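Participant: Dumping the structure here so I can ask a few things about it.
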Amino acid sequence: MSAPEQNQAQTILTARKKIAQLGDASDKGDLIYRFGVASGWISALRLEGLLGVAVFEMLHSELLDAFTEVGRNFQDESPQVGQFDKSLVERARAHLGSVCAFYAKAKAGTAVEDDRREYQKNHAAMNALLELAHWRDNGLSEAGRNALLAVEVDAAAALRDYCS
């Protein structure tokens with residue numbers, strides 16, 4: 001059995017259509033869902049050998065750019081956040097700050113093993129808090145949920161900047 005041909009124009013066009021669908025998101029939750037679908041789809045194409053590494057990275061970068069751009073449209077929703085919600089969002093932002101500090105050190109080539117361990121702890125803690133925004137009946141107000149999703153958009157932008 002021969003290997004599939006990589007980087008066919010139709011495959012890339014279809015992947016870009018998946019990315020473009022992020023623009024149809026009705027809210028942050030819908031945007032996150034569409035991002036997950038597109039990311040999984042592009043990753044599956046790579047896993048099946050239909051995309052080479054360079055094209056996969058290019059499409060993934062386009063996906064992150066689209067996610068960040070569309071996510072900005074939802075930044076200013078629902079300013080009323082309760083104290084518990086505010087505490088969760090503040091902790092998620094604090095962990096994101098630590099993650100971004102590691103990205104800066106890693107890009108500068110000054111990160112050491114202790115920095116990597118701290119990054120792993122902060123990244124895991126941040127993701128655990130962000131995951132709450134995706135649970136049904138999570139106890140968060142709509143404003144709190146949107147605030148956590150805004151942190152998630154910022155985390156994706158930070159990762160994109162780190163990877164570029």
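By order in the structure tokens, chains are A, B, ...; within a chain, residues start at 1; ligands start at 1, following the order shown.
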Which of region 37-119 of chain A counts as helix (DSSP H, G or I) under DSSP, as a PyMOL selection string please?

Facilitator: chain A and resi 37-47+53-72+83-108+113-119

Participant: Please build the interface table for region 42-62 of chain A against region 66-73 of chain A with a cut-off of 10 Å, listing for each qualifying residue the nearest atom pair and the distance in Å to one decimal; count only C-alpha atoms, order rows by chain and increasing number, and write it as a tab-separated table.

Facilitator:
residue	atom	partner	partner_atom	distance
A:His60	CA	A:Ala66	CA	9.8
A:Ser61	CA	A:Ala66	CA	8.6
A:Glu62	CA	A:Ala66	CA	6.1

Participant: Using only C-alpha atoms for the distances, tell me which of A:Gln6, A:Arg46, A:Thr14, A:Cys163 is nearest to Lys107 (chain A).

Facilitator: A:Cys163

Participant: For Val89 (chain A), please output as a PyMOL selection string all residues within 7 Å (counting only C-alpha atoms; exclusion window: fewer than 4 positions along the same chain).

Facilitator: chain A and resi 85+93+147-148

Participant: Could you turn the residues from that selection into a file that holds N, CA, C and O atoms, as a PDB file, in the first residue's frame?

Facilitator:
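And here's again_20.pdb as it stands now:
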ATOM      1  N   ASP A  85     -16.587  33.978  40.991  1.00  0.00           N
ATOM      2  CA  ASP A  85     -16.166  33.971  39.592  1.00  0.00           C
ATOM      3  C   ASP A  85     -14.908  34.825  39.421  1.00  0.00           C
ATOM      4  O   ASP A  85     -13.957  34.435  38.739  1.00  0.00           O
ATOM      5  N   ARG A  93      -5.763  34.125  35.450  1.00  0.00           N
ATOM      6  CA  ARG A  93      -4.893  35.178  34.889  1.00  0.00           C
ATOM      7  C   ARG A  93      -3.501  35.143  35.532  1.00  0.00           C
ATOM      8  O   ARG A  93      -2.497  35.362  34.856  1.00  0.00           O
ATOM      9  N   ALA A 147     -15.650  35.637  31.218  1.00  0.00           N
ATOM     10  CA  ALA A 147     -14.347  36.126  31.672  1.00  0.00           C
ATOM     11  C   ALA A 147     -13.303  35.017  31.601  1.00  0.00           C
ATOM     12  O   ALA A 147     -12.156  35.255  31.196  1.00  0.00           O
ATOM     13  N   LEU A 148     -13.673  33.792  31.987  1.00  0.00           N
ATOM     14  CA  LEU A 148     -12.735  32.662  31.864  1.00  0.00           C
ATOM     15  C   LEU A 148     -12.426  32.364  30.399  1.00  0.00           C
ATOM     16  O   LEU A 148     -11.279  32.074  30.048  1.00  0.00           O
TER      17      LEU A 148
END

Participant: Residues at most 9 Å from Ala133 (chain A), counting only C-alpha atoms, excluding those fewer than 4 positions away in the same chain, as a list in words?

Facilitator: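 Using only C-alpha atoms, the neighbours found are Gly29, Leu129, Asn138, Leu140, Gly144, Arg145, Asn146, Ala147, Leu148 and Leu149 of chain A.
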
Participant: For those residues, write N, CA, C and O atoms to a file as a PDB file, in the first residue's frame.

Facilitator:
ATOM      1  N   GLY A  29     -18.240  30.302  23.736  1.00  0.00           N
ATOM      2  CA  GLY A  29     -18.354  28.852  23.822  1.00  0.00           C
ATOM      3  C   GLY A  29     -18.387  28.213  22.451  1.00  0.00           C
ATOM      4  O   GLY A  29     -17.740  27.186  22.210  1.00  0.00           O
ATOM      5  N   LEU A 129      -8.611  25.491  35.583  1.00  0.00           N
ATOM      6  CA  LEU A 129      -9.575  26.568  35.819  1.00  0.00           C
ATOM      7  C   LEU A 129     -10.344  26.907  34.542  1.00  0.00           C
ATOM      8  O   LEU A 129     -11.564  27.108  34.574  1.00  0.00           O
ATOM      9  N   ASN A 138     -21.943  24.644  35.810  1.00  0.00           N
ATOM     10  CA  ASN A 138     -20.685  24.804  36.533  1.00  0.00           C
ATOM     11  C   ASN A 138     -20.784  25.775  37.703  1.00  0.00           C
ATOM     12  O   ASN A 138     -19.819  25.944  38.437  1.00  0.00           O
ATOM     13  N   LEU A 140     -20.979  28.953  37.542  1.00  0.00           N
ATOM     14  CA  LEU A 140     -20.490  30.275  37.162  1.00  0.00           C
ATOM     15  C   LEU A 140     -21.626  31.110  36.576  1.00  0.00           C
ATOM     16  O   LEU A 140     -22.511  30.579  35.904  1.00  0.00           O
ATOM     17  N   GLY A 144     -19.012  35.386  34.487  1.00  0.00           N
ATOM     18  CA  GLY A 144     -17.832  34.669  34.943  1.00  0.00           C
ATOM     19  C   GLY A 144     -17.325  33.698  33.898  1.00  0.00           C
ATOM     20  O   GLY A 144     -16.114  33.584  33.663  1.00  0.00           O
ATOM     21  N   ARG A 145     -18.261  32.999  33.275  1.00  0.00           N
ATOM     22  CA  ARG A 145     -17.903  32.063  32.208  1.00  0.00           C
ATOM     23  C   ARG A 145     -17.207  32.814  31.068  1.00  0.00           C
ATOM     24  O   ARG A 145     -16.167  32.386  30.567  1.00  0.00           O
ATOM     25  N   ASN A 146     -17.784  33.941  30.675  1.00  0.00           N
ATOM     26  CA  ASN A 146     -17.197  34.725  29.582  1.00  0.00           C
ATOM     27  C   ASN A 146     -15.822  35.262  29.958  1.00  0.00           C
ATOM     28  O   ASN A 146     -14.927  35.330  29.118  1.00  0.00           O
ATOM     29  N   ALA A 147     -15.650  35.637  31.218  1.00  0.00           N
ATOM     30  CA  ALA A 147     -14.347  36.126  31.672  1.00  0.00           C
ATOM     31  C   ALA A 147     -13.303  35.017  31.601  1.00  0.00           C
ATOM     32  O   ALA A 147     -12.156  35.255  31.196  1.00  0.00           O
ATOM     33  N   LEU A 148     -13.673  33.792  31.987  1.00  0.00           N
ATOM     34  CA  LEU A 148     -12.735  32.662  31.864  1.00  0.00           C
ATOM     35  C   LEU A 148     -12.426  32.364  30.399  1.00  0.00           C
ATOM     36  O   LEU A 148     -11.279  32.074  30.048  1.00  0.00           O
ATOM     37  N   LEU A 149     -13.431  32.448  29.554  1.00  0.00           N
ATOM     38  CA  LEU A 149     -13.199  32.214  28.127  1.00  0.00           C
ATOM     39  C   LEU A 149     -12.286  33.294  27.541  1.00  0.00           C
ATOM     40  O   LEU A 149     -11.484  33.012  26.646  1.00  0.00           O
TER      41      LEU A 149
END

Participant: With only C-alpha atoms as the basis for distance, which of A:Ala108, A:Val99, A:Ala155, A:Ala15 is at the shortest distance from Ser43 (chain A)?

Facilitator: A:Ala15

Participant: Interatomic distance between CA of Tyr162 (chain A) and CA of Gln120 (chain A)?

Facilitator: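 According to the coordinates, CA of Tyr162 (chain A) and CA of Gln120 (chain A) are separated by 15.4 Å.
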
Participant: Show which residues sit within 12 Å of region 53-58 of chain A, as a list in words. Count only C-alpha atoms, and ignore same-chain residues fewer than 5 positions away.

Facilitator: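 Close residues of region 53-58 of chain A: Gln6, Asn7, Gln8, Ala9, Thr11, Ile12, Leu13, Ala15, Arg16, Ile19, Ser39, Gly40, Trp41, Ile42, Ser43, Ala44, Leu45, Arg46, Leu47, Glu48, Leu63, Leu64, Asp65, Arg160, Cys163 and Ser164 of chain A.
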
Participant: Tell me, as a ChimeraX atom specification, which residues lie within 12 Å of Ala94 (chain A), counting only C-alpha atoms; anything in the same chain fewer than 2 positions away does not count.

Facilitator: /A:87-92,96-101,122-123,125-126,129,151,155

Participant: Once you have the residues from the selection above, write them out as a tab-separated table (two decimals), in the first residue's frame, restricted to N, CA and C atoms.

Facilitator:
chain	number	residue	atom	x	y	z
A	87	SER	N	-12.62	35.52	41.61
A	87	SER	CA	-11.46	34.82	42.18
A	87	SER	C	-10.91	33.78	41.21
A	88	LEU	N	-11.80	33.01	40.57
A	88	LEU	CA	-11.36	32.00	39.60
A	88	LEU	C	-10.64	32.66	38.43
A	89	VAL	N	-11.22	33.74	37.94
A	89	VAL	CA	-10.62	34.43	36.79
A	89	VAL	C	-9.27	35.02	37.18
A	90	GLU	N	-9.19	35.62	38.36
A	90	GLU	CA	-7.91	36.19	38.82
A	90	GLU	C	-6.84	35.11	38.94
A	91	ARG	N	-7.20	33.93	39.46
A	91	ARG	CA	-6.23	32.83	39.58
A	91	ARG	C	-5.81	32.37	38.18
A	92	ALA	N	-6.77	32.24	37.27
A	92	ALA	CA	-6.43	31.82	35.90
A	92	ALA	C	-5.49	32.84	35.26
A	96	LEU	N	-1.71	32.36	33.95
A	96	LEU	CA	-1.35	32.76	32.60
A	96	LEU	C	-0.13	33.67	32.63
A	97	GLY	N	-0.07	34.57	33.59
A	97	GLY	CA	1.10	35.44	33.71
A	97	GLY	C	2.38	34.65	33.92
A	98	SER	N	2.30	33.61	34.75
A	98	SER	CA	3.47	32.75	34.97
A	98	SER	C	3.84	31.97	33.72
A	99	VAL	N	2.82	31.51	33.00
A	99	VAL	CA	3.06	30.79	31.75
A	99	VAL	C	3.75	31.72	30.74
A	100	CYS	N	3.27	32.95	30.65
A	100	CYS	CA	3.87	33.92	29.72
A	100	CYS	C	5.31	34.26	30.12
A	101	ALA	N	5.56	34.32	31.42
A	101	ALA	CA	6.94	34.57	31.89
A	101	ALA	C	7.86	33.44	31.44
A	122	ASN	N	1.93	25.68	36.48
A	122	ASN	CA	1.05	26.81	36.18
A	122	ASN	C	0.17	26.55	34.97
A	123	HIS	N	0.72	25.91	33.97
A	123	HIS	CA	-0.06	25.59	32.78
A	123	HIS	C	-1.20	24.63	33.12
A	125	ALA	N	-2.59	24.15	36.11
A	125	ALA	CA	-3.55	24.84	36.97
A	125	ALA	C	-4.43	25.79	36.16
A	126	MET	N	-3.81	26.51	35.24
A	126	MET	CA	-4.58	27.43	34.38
A	126	MET	C	-5.61	26.65	33.56
A	129	LEU	N	-8.61	25.49	35.58
A	129	LEU	CA	-9.57	26.57	35.82
A	129	LEU	C	-10.34	26.91	34.54
A	151	VAL	N	-9.84	34.67	29.17
A	151	VAL	CA	-8.49	34.24	29.58
A	151	VAL	C	-8.00	33.16	28.61
A	155	ALA	N	-4.69	33.13	26.44
A	155	ALA	CA	-3.72	32.04	26.52
A	155	ALA	C	-3.37	31.53	25.12

Participant: Work out how far apart CA of Asp27 (chain A) and CA of Phe74 (chain A) are and give it in Å to one decimal.

Facilitator: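 Distance reported for this atom pair: 6.7 Å.
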
Participant: Just how far from CA of Phe102 (chain A) is CA of Gly36 (chain A), in Å to one decimal?

Facilitator: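 According to the coordinates, CA of Gly36 (chain A) and CA of Phe102 (chain A) are separated by 24.8 Å.
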
Participant: Using only C-alpha atoms for the distances, tell me which of A:Phe84, A:Tyr119, A:Tyr103, A:Phe35 is nearest to Val153 (chain A).

Facilitator: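 Residue with the minimum atom-to-atom distance to Val153 (chain A): A:Phe35.
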